[in-house]
Amino acid sequence: MRKNFRIKLSIILAFTSLFFGCKGYANNEEQYVYDSLEKIPLTIEAIEDGQITFTNLGEIKNLKYKLNDGKLIKATNSGISVKQNDKVYFFAEGNYGPSWNHFTINCSSDCYVYGNVMSLLCKNYQTEREITTKHAFYKLFYNNIQIKNHPDKDIYLPATKLTESCYESMFEGCTSITNSPVLPATKLADSCYESMFSGCSSLTQAPILSSTKLADSCYKFMFSDCSSLTQAPNLPAITLADSCYSYMFSGCSSLKNAPILPATNLAYGCYEDMFNSCSSLTKTPDLPVTNLAPSCYAGMFWGCTSLTQVSVLPATTLSGGCYSCMFRCCTSLTQAPVLPATNLAPSCYSSMFHDCISLIQAPQLPATTLSDECYSFMFRNCYSLTKAPVLPATTLTEKCYRKMFDYCSSLNEVTCFATNICAGDCTDNWLGEVASSGTFKKASGVNWSRGPSGIPENWTITE
């Protein structure tokens, strides 16, 4: 009788384990076997005595943990006290849906983090490869400066199918992380990696990014302010998405070489501020696209103070703000690239070379038909520039030359053939604070006023 009972009980337990997925999750008396990386649940291992606490614990379903070889315990707001070498294994059933009230794990002392993060989403985490909820790991370790990479065990992110903002800001501000986990996904989602490693100032190794099909804001701010990162990953995508690489490496002050950018189809803001403040970057990548998108290169190299070599910019079809602030504050740049476009767009060159204090040669500007604010602030504070490019357009547009050469204190030669200068603020302060004397060549019969919004006082006028 007892033997038959034991047989029936074994069958019931086996069926229960099969039905519920992960062995040991439903029955906290069973022993876990963590003999491979995918089987190790998300783990925090204490390097020193301390406390593990949680922010917004109510945002995650049924969070439980196992301390060393103990039983499963339901997590509470009081957190978990740990001793040196303690291991805490985490399990949950995902979040309660998209929310910016992020669940975050905090550590009061140094800890290693490793294991399969999918243990926070589902019971069958060992084989699960798909994230189904938005914001799944949003800010999971946000500003946790205590977590470190384990010398032998990795953080495991196995998902190949992602959702919106699933990894957004996951390690943002984790200043002790040195290596990133492998990211195998090839099918991305909007903002999936946005700010994932932002502010990880000790990160020296970026993951391989193999996806060729991008999503809106997918890599936005991904490595911003990773000041120890010296090499960028390859970026093989040919067709881009809105803001896909925006601010991706901004503030990466140790980055010396930009990756190849093979894309032939651009999108709104795709490269916007991508290398902003990359102060060790000396050369731009090739940018061969001839048909631009709005704000595609806006601020791309803003603050790259070591930049001296600029690739050819062959684009002839421009779009709103496409080159706006592209080389702003590139203080080592002495020569501008050729700009062949003759059909302009609103704000297309606005502030393009603003604060390029070493610029001594401006590009030719062949366009005869202008657009609103097309050249506004373009060379402002380029105080090494002595000669302006010839300005052949006869009809000016609203704010087209606004503050174009303002504070170019060495500028002493301007040629402008405009005959219709009536548009609103078209020359507003365009020659403010230039050289005290110089030559202004104008179209015959055009009456200009004197002053910073016209022809500077004491300059010689020729026709």
# chains A, B, ... in the order shown; residues from 1 in each chain; ligands from 1

call {"tool": "residues_around", "arguments": {"residues": "Tyr401 in chain A", "least_positions_apart": "4", "cutoff": "9 Å", "atoms": "only C-alpha atoms", "output": "PyMOL selection string"}}
result
chain A and resi 373-378+396-397+405+425-430

call {"tool": "write_last_selection", "arguments": {"atoms": "C-alpha atoms", "output": "CSV table (one decimal), in the first residue's frame"}}
result
chain,number,residue,atom,x,y,z
A,373,GLU,CA,17.5,80.4,-41.0
A,374,CYS,CA,19.6,78.3,-43.4
A,375,TYR,CA,22.9,80.0,-42.4
A,376,SER,CA,21.9,81.4,-39.0
A,377,PHE,CA,24.8,81.3,-36.5
A,378,MET,CA,26.8,79.3,-39.0
A,396,LEU,CA,17.2,86.8,-48.6
A,397,THR,CA,14.8,84.9,-46.4
A,405,PHE,CA,29.5,85.9,-38.5
A,425,ASP,CA,15.8,89.6,-39.3
A,426,CYS,CA,17.6,88.3,-42.4
A,427,THR,CA,20.8,90.0,-41.4
A,428,ASP,CA,20.2,90.4,-37.7
A,429,ASN,CA,23.5,91.1,-36.1
A,430,TRP,CA,25.2,89.1,-38.8

call {"tool": "residues_around", "arguments": {"residues": "Thr368 in chain A", "least_positions_apart": "2", "cutoff": "10 Å", "atoms": "only C-alpha atoms", "output": "count of residues only"}}
result
14

call {"tool": "closest_residue", "arguments": {"among": "A:Ser279, A:Thr160, A:Thr284, A:Pro151", "to": "Ser306 in chain A", "atoms": "only C-alpha atoms"}}
result
A:Ser279

call {"tool": "select_by_dssp", "arguments": {"residues": "range 50-203 of chain A", "states": "strand (DSSP E or B)", "output": "MDAnalysis selection string"}}
result
chainID A and resid 50:55 60 64:67 72:74 80:82 87:91 95 104:107 111:116 130 147:149 155:156 161 179 187

call {"tool": "residues_around", "arguments": {"residues": "Thr305 in chain A", "least_positions_apart": "5", "cutoff": "7 Å", "atoms": "only C-alpha atoms", "output": "NGL selection string"}}
result
:A and (279 or 329-332)
